[in-house]
$ cat run.cif   # mmCIF, C-alpha atoms
data_entry
#
loop_
_atom_site.label_atom_id
_atom_site.label_comp_id
_atom_site.auth_asym_id
_atom_site.auth_seq_id
_atom_site.Cartn_x
_atom_site.Cartn_y
_atom_site.Cartn_z
CA MET A 1 46.37 16.75 35.69
CA THR A 2 43.72 17.91 33.28
CA THR A 3 43.61 17.51 29.53
CA ARG A 4 41.28 20.42 28.96
CA LEU A 5 43.73 23.27 29.51
CA ALA A 6 44.05 25.43 26.44
CA ASP A 7 47.25 25.88 24.51
CA PRO A 8 49.42 28.32 26.52
CA ALA A 9 50.44 30.23 23.38
CA PRO A 10 48.40 33.37 22.56
CA ARG A 11 45.72 32.39 20.09
CA VAL A 12 45.71 35.66 18.20
CA THR A 13 49.08 36.45 16.69
CA ALA A 14 50.40 39.83 15.71
CA VAL A 15 51.02 38.74 12.13
CA GLU A 16 47.30 38.80 11.45
CA HIS A 17 47.28 42.52 12.20
CA THR A 18 47.85 44.49 9.06
CA PRO A 19 46.32 47.00 8.84
CA PHE A 20 46.27 47.64 12.58
CA THR A 21 42.96 47.36 14.40
CA PRO A 22 42.69 47.71 18.20
CA LEU A 23 40.03 44.99 18.56
CA ALA A 24 39.89 41.39 17.40
CA ILE A 25 36.34 40.07 17.72
CA ALA A 26 35.49 36.36 17.76
CA THR A 27 32.26 36.95 15.83
CA ASP A 28 31.34 33.25 15.79
CA ARG A 29 30.96 33.39 19.61
CA CYS A 30 29.03 36.68 19.82
CA LYS A 31 25.38 36.42 20.88
CA GLY A 32 24.49 40.02 20.04
CA CYS A 33 23.46 40.95 23.60
CA GLU A 34 24.59 44.56 23.07
CA LEU A 35 26.18 44.92 26.52
CA CYS A 36 29.41 46.10 24.87
CA VAL A 37 27.51 48.51 22.62
CA THR A 38 26.01 50.07 25.77
CA ALA A 39 29.32 50.08 27.66
CA CYS A 40 31.45 51.60 24.89
CA PRO A 41 32.12 55.27 25.82
CA HIS A 42 33.10 56.18 22.24
CA HIS A 43 30.12 54.55 20.50
CA VAL A 44 32.29 52.72 17.98
CA LEU A 45 30.56 49.32 18.35
CA GLU A 46 27.32 48.20 16.73
CA LEU A 47 25.58 44.98 15.76
CA ASP A 48 26.31 43.98 12.19
CA GLN A 49 22.80 43.60 10.79
CA ALA A 50 24.21 42.30 7.49
CA VAL A 51 25.70 39.19 9.13
CA VAL A 52 24.11 36.23 10.91
CA ASN A 53 26.68 34.02 12.65
CA ALA A 54 26.56 30.27 13.24
CA LEU A 55 24.70 30.80 16.53
CA GLY A 56 21.98 32.75 14.71
CA TYR A 57 22.79 36.22 16.05
CA HIS A 58 23.95 39.49 14.53
CA PRO A 59 27.52 39.75 15.89
CA VAL A 60 29.11 42.97 17.12
CA ARG A 61 31.31 44.99 14.75
CA LEU A 62 33.91 47.72 15.27
CA VAL A 63 32.52 50.59 13.19
CA ASP A 64 35.42 53.02 13.55
CA PRO A 65 38.84 51.53 14.41
CA ALA A 66 40.34 55.04 14.69
CA GLY A 67 37.76 56.00 17.35
CA CYS A 68 38.62 53.04 19.59
CA THR A 69 40.99 53.92 22.46
CA SER A 70 41.57 50.32 23.66
CA CYS A 71 39.90 51.14 27.00
CA VAL A 72 38.91 47.44 27.41
CA LEU A 73 35.42 48.29 28.78
CA CYS A 74 33.78 46.13 26.08
CA ALA A 75 35.86 43.13 27.15
CA ARG A 76 35.02 43.79 30.83
CA VAL A 77 31.28 43.35 30.24
CA CYS A 78 31.32 40.67 27.52
CA PRO A 79 29.70 37.45 28.83
CA ASP A 80 31.20 35.45 25.96
CA ALA A 81 34.76 36.83 26.05
CA VAL A 82 34.82 37.58 22.32
CA PHE A 83 37.22 40.54 22.52
CA THR A 84 40.99 40.63 22.24
CA VAL A 85 42.19 44.20 22.85
CA PHE A 86 45.49 45.55 21.57
CA ALA A 87 47.34 48.63 22.81
CA PRO A 88 46.97 51.62 20.49
CA ARG A 89 49.97 52.30 18.27
CA LYS A 90 51.93 55.45 18.98
CA GLU A 91 51.69 56.88 15.45
CA ALA A 92 47.94 56.28 15.46
CA ARG A 93 47.54 58.52 18.50
CA SER A 94 49.57 61.49 17.22
CA MET B 1 57.01 51.44 16.89
CA THR B 2 58.89 49.93 13.97
CA THR B 3 61.85 47.65 14.36
CA GLU B 4 64.86 49.37 12.81
CA ALA B 5 66.28 46.24 11.21
CA THR B 6 63.30 45.22 9.10
CA GLY B 7 60.98 48.21 9.07
CA ALA B 8 58.11 45.86 9.86
CA PRO B 9 55.64 47.01 12.50
CA ALA B 10 56.28 45.62 15.98
CA PRO B 11 53.65 43.18 17.21
CA PRO B 12 50.85 45.03 18.98
CA ARG B 13 50.81 44.60 22.74
CA ILE B 14 47.82 42.60 23.99
CA LEU B 15 45.89 44.49 26.67
CA TYR B 16 43.18 41.88 27.08
CA GLN B 17 42.47 38.42 25.76
CA ARG B 18 40.23 35.50 26.64
CA PRO B 19 41.66 33.89 29.81
CA ARG B 20 43.31 30.51 29.31
CA ALA B 21 41.29 28.88 32.09
CA LEU B 22 38.10 29.63 30.13
CA VAL B 23 37.48 26.74 27.74
CA ASP B 24 37.37 27.92 24.12
CA LYS B 25 33.74 27.08 23.37
CA SER B 26 30.39 28.82 23.24
CA THR B 27 28.30 28.68 26.42
CA HIS B 28 24.66 27.59 26.58
CA TYR B 29 23.73 30.78 28.47
CA CYS B 30 21.22 33.22 26.98
CA PRO B 31 22.61 36.39 25.33
CA GLY B 32 23.72 38.90 27.96
CA CYS B 33 23.60 36.47 30.91
CA GLY B 34 25.78 37.47 33.86
CA HIS B 35 26.97 33.88 34.34
CA GLY B 36 29.29 34.36 31.36
CA ILE B 37 30.85 37.46 32.95
CA ILE B 38 31.31 35.71 36.31
CA HIS B 39 32.82 32.60 34.68
CA ARG B 40 35.24 34.88 32.85
CA LEU B 41 36.25 36.71 36.06
CA ILE B 42 36.91 33.41 37.83
CA ALA B 43 38.99 32.19 34.88
CA GLU B 44 40.98 35.45 34.83
CA LEU B 45 41.79 35.07 38.53
CA LEU B 46 42.69 31.38 38.17
CA ASP B 47 45.17 32.52 35.50
CA GLU B 48 46.53 35.47 37.47
CA LEU B 49 46.94 33.55 40.74
CA GLU B 50 48.07 30.37 38.88
CA LEU B 51 45.47 28.30 40.70
CA ALA B 52 43.95 26.29 37.83
CA GLN B 53 46.10 23.19 38.33
CA GLN B 54 45.27 22.85 42.04
CA THR B 55 41.60 23.85 41.89
CA ILE B 56 38.74 21.43 42.53
CA ALA B 57 35.43 23.12 41.82
CA VAL B 58 31.91 22.00 42.67
CA ALA B 59 29.11 22.71 40.22
CA PRO B 60 25.49 23.33 41.29
CA VAL B 61 22.12 22.56 39.76
CA GLY B 62 20.54 25.43 37.90
CA CYS B 63 21.51 27.37 34.79
CA SER B 64 25.18 27.02 35.79
CA VAL B 65 24.91 23.22 35.97
CA PHE B 66 27.24 22.98 32.97
CA ALA B 67 29.90 25.24 34.51
CA TYR B 68 32.23 22.21 34.37
CA ASP B 69 32.24 22.52 30.59
CA TYR B 70 33.47 26.11 30.62
CA ILE B 71 36.23 26.53 33.20
CA ALA B 72 39.28 24.30 32.71
CA VAL B 73 39.69 22.91 36.22
CA ASP B 74 38.63 19.63 37.84
CA TRP B 75 34.93 19.67 38.70
CA ILE B 76 32.44 17.61 40.69
CA GLU B 77 28.74 17.92 39.95
CA SER B 78 26.75 17.98 43.19
CA PRO B 79 23.09 17.15 43.91
CA HIS B 80 20.78 20.17 44.02
CA GLY B 81 21.83 22.54 46.82
CA ARG B 82 24.45 20.17 48.24
CA ALA B 83 27.52 21.81 46.73
CA PRO B 84 28.87 23.05 50.12
CA ALA B 85 28.53 19.53 51.56
CA VAL B 86 30.35 18.02 48.58
CA ALA B 87 33.01 20.74 48.88
CA THR B 88 33.43 19.87 52.55
CA GLY B 89 34.34 16.33 51.56
CA VAL B 90 36.72 17.62 48.88
CA ARG B 91 38.40 19.95 51.37
CA ARG B 92 38.83 17.34 54.07
CA THR B 93 40.38 14.81 51.71
CA ASN B 94 42.51 17.32 49.74
CA SER B 95 44.18 19.71 52.14
CA ASP B 96 46.29 21.30 49.38
CA ALA B 97 43.48 21.88 46.89
CA PHE B 98 41.89 25.23 46.14
CA VAL B 99 38.17 24.49 46.61
CA LEU B 100 35.71 26.60 44.66
CA VAL B 101 31.92 26.33 44.90
CA TYR B 102 29.67 27.92 42.29
CA GLN B 103 25.98 28.24 43.20
CA GLY B 104 22.93 30.16 42.06
CA ASP B 105 20.27 31.59 44.34
CA GLY B 106 17.71 28.85 43.73
CA ASP B 107 20.37 26.29 44.60
CA LEU B 108 21.97 28.06 47.56
CA ALA B 109 19.12 30.02 49.14
CA ALA B 110 16.25 27.53 48.73
CA ILE B 111 16.99 23.81 48.63
CA GLY B 112 20.56 24.26 49.86
CA THR B 113 19.98 26.65 52.78
CA ALA B 114 20.95 24.09 55.42
CA GLU B 115 24.14 23.04 53.62
CA ILE B 116 25.49 26.56 53.12
CA ILE B 117 24.72 27.66 56.69
CA HIS B 118 26.36 24.63 58.28
CA ALA B 119 29.37 24.69 55.98
CA ALA B 120 29.82 28.36 56.95
CA ALA B 121 29.30 27.63 60.65
CA ARG B 122 31.95 24.91 60.50
CA GLY B 123 34.32 27.40 58.92
CA GLU B 124 35.09 25.12 56.00
CA ARG B 125 38.03 26.51 54.04
CA ILE B 126 36.10 26.87 50.78
CA THR B 127 35.18 29.82 48.57
CA THR B 128 31.57 30.06 47.40
CA VAL B 129 30.57 32.20 44.42
CA PHE B 130 26.88 32.92 44.97
CA VAL B 131 25.17 34.18 41.82
CA ASN B 132 21.92 35.92 42.77
CA ASN B 133 19.52 36.81 39.96
CA GLY B 134 16.38 36.49 42.07
CA ILE B 135 14.70 33.88 39.91
CA TYR B 136 14.76 30.21 38.90
CA GLY B 137 16.12 30.82 35.40
CA MET B 138 16.62 27.22 34.27
CA THR B 139 13.08 26.01 34.94
CA GLY B 140 11.34 28.99 33.35
CA GLY B 141 11.55 31.98 35.65
CA GLN B 142 9.70 30.98 38.85
CA MET B 143 9.86 32.91 42.12
CA ALA B 144 12.90 32.17 44.29
CA PRO B 145 13.48 33.01 47.99
CA THR B 146 15.58 35.94 46.74
CA THR B 147 12.90 37.38 44.43
CA LEU B 148 12.22 41.05 45.16
CA LEU B 149 8.94 42.17 46.73
CA GLY B 150 6.50 42.99 43.94
CA GLN B 151 8.60 41.25 41.29
CA LYS B 152 6.52 39.44 38.67
CA THR B 153 7.60 35.88 37.89
CA THR B 154 5.80 32.95 36.28
CA SER B 155 4.75 31.72 39.75
CA SER B 156 3.98 35.20 41.14
CA PRO B 157 2.19 36.78 38.16
CA LEU B 158 0.80 39.63 40.29
CA GLY B 159 4.16 40.34 41.92
CA ARG B 160 5.67 38.81 45.07
CA ASP B 161 3.30 39.43 47.98
CA PRO B 162 4.99 39.16 51.41
CA LYS B 163 1.74 37.98 53.02
CA LEU B 164 1.69 35.02 50.67
CA ALA B 165 5.35 34.36 49.89
CA GLY B 166 7.34 36.04 52.66
CA TYR B 167 10.32 38.33 52.27
CA PRO B 168 13.58 38.10 50.29
CA ILE B 169 16.33 36.30 52.25
CA PRO B 170 19.57 38.30 52.67
CA ILE B 171 21.78 35.20 52.79
CA SER B 172 25.08 37.09 52.85
CA GLU B 173 24.14 39.22 55.87
CA MET B 174 22.95 36.07 57.67
CA LEU B 175 26.19 34.18 57.01
CA ALA B 176 28.29 37.18 58.11
CA LEU B 177 27.04 36.60 61.67
CA LEU B 178 28.70 33.17 61.89
CA ARG B 179 32.08 32.87 63.59
CA GLY B 180 33.44 30.37 61.05
CA VAL B 181 33.11 32.87 58.20
CA ASP B 182 36.06 35.10 57.32
CA TYR B 183 34.87 37.03 54.29
CA VAL B 184 31.47 37.91 52.79
CA SER B 185 30.84 40.56 50.18
CA ARG B 186 28.26 41.47 47.58
CA GLY B 187 28.97 42.84 44.12
CA SER B 188 27.06 43.32 40.90
CA VAL B 189 27.79 42.88 37.19
CA ALA B 190 25.70 45.93 36.20
CA ASP B 191 28.48 47.92 34.49
CA PRO B 192 32.28 47.82 33.90
CA PRO B 193 33.25 49.47 37.25
CA SER B 194 31.01 47.04 39.18
CA VAL B 195 32.51 44.10 37.30
CA GLY B 196 35.96 45.34 38.35
CA LYS B 197 34.83 45.46 41.99
CA VAL B 198 33.48 41.90 41.79
CA LYS B 199 36.87 40.77 40.50
CA ALA B 200 38.60 42.48 43.45
CA MET B 201 36.17 40.78 45.87
CA LEU B 202 36.76 37.37 44.32
CA LYS B 203 40.52 37.94 44.47
CA ARG B 204 40.34 38.83 48.17
CA ALA B 205 38.25 35.70 48.88
CA PHE B 206 40.64 33.49 46.90
CA GLU B 207 43.64 34.93 48.75
CA ILE B 208 42.01 34.40 52.15
CA GLN B 209 41.43 30.74 51.30
CA ARG B 210 45.03 30.37 50.09
CA ALA B 211 46.29 31.96 53.31
CA GLY B 212 44.44 29.30 55.34
CA GLY B 213 41.41 31.37 56.33
CA GLY B 214 37.89 30.11 56.97
CA PHE B 215 34.73 30.15 54.89
CA THR B 216 34.55 32.86 52.22
CA LEU B 217 31.58 33.86 50.06
CA VAL B 218 31.13 36.42 47.30
CA GLU B 219 27.54 37.13 46.30
CA VAL B 220 27.17 38.55 42.81
CA LEU B 221 23.93 40.26 41.79
CA SER B 222 23.34 39.07 38.26
CA ASN B 223 20.63 39.40 35.65
CA CYS B 224 18.19 37.11 33.89
CA PRO B 225 17.09 38.99 30.76
CA VAL B 226 14.72 36.23 29.63
CA GLY B 227 13.24 35.54 33.08
CA TRP B 228 12.82 39.24 33.81
CA GLY B 229 11.34 39.94 30.37
CA MET B 230 13.94 42.57 29.44
CA THR B 231 16.71 43.12 26.93
CA ALA B 232 20.23 42.51 28.25
CA PRO B 233 21.09 46.24 28.67
CA GLU B 234 17.70 46.87 30.36
CA SER B 235 18.30 44.02 32.79
CA MET B 236 21.75 45.39 33.67
CA ALA B 237 20.18 48.82 34.36
CA HIS B 238 17.55 47.11 36.53
CA LEU B 239 20.32 45.79 38.82
CA ALA B 240 20.44 49.26 40.43
CA GLU B 241 16.92 48.58 41.72
CA VAL B 242 17.92 45.10 42.90
CA ALA B 243 20.81 46.64 44.83
CA GLU B 244 18.31 48.63 46.93
CA THR B 245 17.15 45.33 48.47
CA TYR B 246 20.63 43.79 48.45
CA PRO B 247 23.15 46.56 49.30
CA LEU B 248 26.55 46.24 47.64
CA GLY B 249 29.90 46.18 49.41
CA VAL B 250 32.08 44.18 51.77
CA ILE B 251 29.83 42.79 54.51
CA LEU B 252 32.49 40.96 56.51
CA ASP B 253 36.28 40.94 56.29
CA ARG B 254 37.34 39.53 59.63
CA SER B 255 41.08 40.11 59.38
CA LYS B 256 40.49 43.77 58.50
CA GLY B 257 38.00 44.24 61.32
CA ILE B 258 35.03 44.93 59.03
CA GLY B 259 31.64 43.42 59.77
CA PRO B 260 29.17 42.46 62.51
CA GLY B 261 30.85 41.18 65.66
CA VAL B 262 34.40 42.02 64.58
CA ASP B 263 34.39 45.81 65.03
CA PRO B 264 36.80 46.19 67.96
CA GLY B 265 35.03 49.29 69.33
CA LEU B 266 31.51 47.96 68.86
CA SER B 267 31.16 45.87 72.03
CA THR B 268 32.48 48.75 74.16
CA ARG B 269 30.01 51.18 72.60
CA LEU B 270 27.12 48.73 72.97
CA ALA B 271 28.07 48.12 76.63
CA GLY B 272 28.09 51.88 77.25
CA ARG B 273 24.69 52.21 75.61
CA ALA B 274 23.30 49.37 77.74
CA GLU B 275 24.35 51.22 80.91
CA GLU B 276 22.67 54.41 79.73
CA ALA B 277 19.47 52.64 78.80
CA PRO B 278 16.61 52.83 81.36
CA ARG B 279 16.07 49.54 83.17
#
$ encode --input "run.cif" --output "structure tokens"
Amino acid sequence: MTTRLADPAPRVTAVEHTPFTPLAIATDRCKGCELCVTACPHHVLELDQAVVNALGYHPVRLVDPAGCTSCVLCARVCPDAVFTVFAPRKEARS
Amino acid sequence: MTTEATGAPAPPRILYQRPRALVDKSTHYCPGCGHGIIHRLIAELLDELELAQQTIAVAPVGCSVFAYDYIAVDWIESPHGRAPAVATGVRRTNSDAFVLVYQGDGDLAAIGTAEIIHAAARGERITTVFVNNGIYGMTGGQMAPTTLLGQKTTSSPLGRDPKLAGYPIPISEMLALLRGVDYVSRGSVADPPSVGKVKAMLKRAFEIQRAGGGFTLVEVLSNCPVGWGMTAPESMAHLAEVAETYPLGVILDRSKGIGPGVDPGLSTRLAGRAEEAPR
């Protein structure tokens, strides 16, 4: 019916995940609005002032992967849907 | 969480990823604009309810004029304010389609006031997502009918004065009075819990349309960081002030007996009060 539907397969694969990080951030889409930085209850996100992406913004960066609890609040407020959130690994929690 | 055979770590479970119905491209919206959040919520629901293939959406004029580039369903671009009229035609020629209308406040509450009221009065089986940021964002931040009293815009530099420019129009409350309407609610994208509530409201509206109900509308209080002269987090915090003029919550849910004119005990109580009242 429509040719614009995206590929049904997940675009981020698990193989890309060593070492484990709970967030994958599409930094080329980030506009640096800081809504996720404000929403994050653990204060583990910040704008990466050392990087300017193709859109001309400082993209968001996960400062402390161990401090992230995969609560998904950043993804809930992101207007550009840059976050993919993974469940925390059991050994990482203990 | 290691597989015993290989010792390799098991693939991490995905808790959240970009919805498939959201086209994989960057939007033209300003940083922090609520349109992006609302597009994403719609796309998530189209995925969850498996509606994308049967949806025909109608795009407005305004900042969200390019919505057809971002959500992977079939779209029609309507003239300014006429999205409900276009959607009426879509509905009446496609009885099986899921009809979605996306409008901003300049589009719906100013030039398109007649269309939205009559589509609602006819009880057209369409769902309207009404994004209210109280300003004409696309044309440079002019005053809209929904602009708050005292709010400074490029066409009300001293703040909106009711003697000169009248009062904000509570469109949702007005539409809730019409018999053809089955569901009206108002949410906000101010913070993660509010975003979750908006998603629940949209889901309820979508399900009412799928179940054959009448007109449904979800108003979403959104921000305009550039038009309001604020940073994105400041504009989200400011939405609490906007919600004082536009109270949040479900305004009408006819099948659940919520709303003006559908409270079963209301007419009895009003009748009793009329008898008590001095003549």
$ resolve_selection --input "run.cif" --expression "the PyMOL selection byres ((chain A and resi 71) around 12)" --output "ChimeraX atom specification"
/A:22-23,36,39-42,44,67-70,72-76,83-88 /B:15-16,192
$ residues_near_point --input "run.cif" --point "(35.6, 35.9, 23.9)" --cutoff "7 Å" --atoms "only C-alpha atoms" --output "CSV table (one decimal) with C-alpha atoms, in the coordinates of the input"
chain,number,residue,atom,x,y,z
A,26,ALA,CA,35.5,36.4,17.8
A,29,ARG,CA,31.0,33.4,19.6
A,80,ASP,CA,31.2,35.4,26.0
A,81,ALA,CA,34.8,36.8,26.0
A,82,VAL,CA,34.8,37.6,22.3
A,83,PHE,CA,37.2,40.5,22.5
B,18,ARG,CA,40.2,35.5,26.6
$ resolve_selection --input "run.cif" --expression "the PyMOL selection byres ((chain B) within 10 of (chain A))" --output "PyMOL selection string"
chain B and resi 1+9-27+29-41+52-54+69-74+189-196+225+231-234+236
$ residues_near_point --input "run.cif" --point "(13.5, 33.6, 46.8)" --cutoff "10 Å" --atoms "only C-alpha atoms" --output "list in words"
Asp105, Gly106, Ala109, Ala110, Asn132, Asn133, Gly134, Ile135, Tyr136, Gln142, Met143, Ala144, Pro145, Thr146, Thr147, Leu148, Leu149, Arg160, Ala165, Gly166, Tyr167, Pro168, Ile169 and Pro170 of chain B
$ residues_around --input "run.cif" --residues "Arg125 in chain B" --least-positions-apart "3" --cutoff "10 Å" --atoms "all atoms listed in the file" --output "list in words"
Ala87, Thr88, Arg91, Arg92, Ser95, Phe98, Val99, Leu100, Ala119, Ala120, Arg122, Thr128, Gly180, Val181, Asp182, Ile208, Gln209, Arg210, Ala211, Gly212, Gly213, Gly214, Phe215 and Thr216 of chain B
$ build_atoms --input "run.cif" --residues "range 230-250 of chain B" --atoms "N, CA, C and O atoms" --output "tab-separated table (two decimals), keeping the file's coordinate frame"
chain	number	residue	atom	x	y	z
B	230	MET	N	13.25	41.33	29.84
B	230	MET	CA	13.94	42.57	29.44
B	230	MET	C	15.02	42.25	28.41
B	230	MET	O	15.41	41.10	28.26
B	231	THR	N	15.51	43.31	27.73
B	231	THR	CA	16.71	43.12	26.93
B	231	THR	C	17.90	43.08	27.89
B	231	THR	O	17.79	43.45	29.07
B	232	ALA	N	19.06	42.62	27.38
B	232	ALA	CA	20.23	42.51	28.25
B	232	ALA	C	20.63	43.86	28.85
B	232	ALA	O	20.83	43.96	30.07
B	233	PRO	N	20.73	44.96	28.05
B	233	PRO	CA	21.09	46.24	28.67
B	233	PRO	C	20.04	46.73	29.67
B	233	PRO	O	20.40	47.27	30.72
B	234	GLU	N	18.75	46.48	29.40
B	234	GLU	CA	17.70	46.87	30.36
B	234	GLU	C	17.86	46.11	31.68
B	234	GLU	O	17.70	46.67	32.75
B	235	SER	N	18.17	44.82	31.57
B	235	SER	CA	18.30	44.02	32.79
B	235	SER	C	19.50	44.47	33.61
B	235	SER	O	19.46	44.46	34.84
B	236	MET	N	20.58	44.89	32.94
B	236	MET	CA	21.75	45.39	33.67
B	236	MET	C	21.40	46.71	34.39
B	236	MET	O	21.81	46.94	35.52
B	237	ALA	N	20.60	47.56	33.72
B	237	ALA	CA	20.18	48.82	34.36
B	237	ALA	C	19.28	48.54	35.55
B	237	ALA	O	19.32	49.24	36.57
B	238	HIS	N	18.48	47.47	35.45
B	238	HIS	CA	17.55	47.11	36.53
B	238	HIS	C	18.29	46.67	37.79
B	238	HIS	O	17.74	46.70	38.89
B	239	LEU	N	19.55	46.26	37.66
B	239	LEU	CA	20.32	45.79	38.82
B	239	LEU	C	20.47	46.89	39.88
B	239	LEU	O	20.67	46.59	41.06
B	240	ALA	N	20.38	48.17	39.45
B	240	ALA	CA	20.44	49.26	40.43
B	240	ALA	C	19.27	49.16	41.41
B	240	ALA	O	19.42	49.40	42.61
B	241	GLU	N	18.10	48.75	40.88
B	241	GLU	CA	16.92	48.58	41.72
B	241	GLU	C	17.08	47.36	42.64
B	241	GLU	O	16.69	47.40	43.80
B	242	VAL	N	17.68	46.30	42.09
B	242	VAL	CA	17.92	45.10	42.90
B	242	VAL	C	18.86	45.43	44.06
B	242	VAL	O	18.69	44.94	45.18
B	243	ALA	N	19.83	46.31	43.80
B	243	ALA	CA	20.81	46.64	44.83
B	243	ALA	C	20.20	47.44	45.99
B	243	ALA	O	20.83	47.58	47.04
B	244	GLU	N	18.96	47.96	45.81
B	244	GLU	CA	18.31	48.63	46.93
B	244	GLU	C	17.87	47.60	47.98
B	244	GLU	O	17.86	47.88	49.17
B	245	THR	N	17.50	46.40	47.53
B	245	THR	CA	17.15	45.33	48.47
B	245	THR	C	18.40	44.63	48.98
B	245	THR	O	18.47	44.23	50.14
B	246	TYR	N	19.39	44.49	48.09
B	246	TYR	CA	20.63	43.79	48.45
B	246	TYR	C	21.79	44.78	48.33
B	246	TYR	O	22.40	44.88	47.26
B	247	PRO	N	22.11	45.53	49.40
B	247	PRO	CA	23.15	46.56	49.30
B	247	PRO	C	24.52	45.97	48.94
B	247	PRO	O	24.89	44.90	49.43
B	248	LEU	N	25.25	46.71	48.11
B	248	LEU	CA	26.55	46.24	47.64
B	248	LEU	C	27.66	46.61	48.63
B	248	LEU	O	27.54	47.57	49.38
B	249	GLY	N	28.73	45.84	48.60
B	249	GLY	CA	29.90	46.18	49.41
B	249	GLY	C	30.42	44.99	50.18
B	249	GLY	O	29.88	43.88	50.12
B	250	VAL	N	31.51	45.23	50.93
B	250	VAL	CA	32.08	44.18	51.77
B	250	VAL	C	31.26	44.11	53.06
B	250	VAL	O	31.12	45.11	53.76
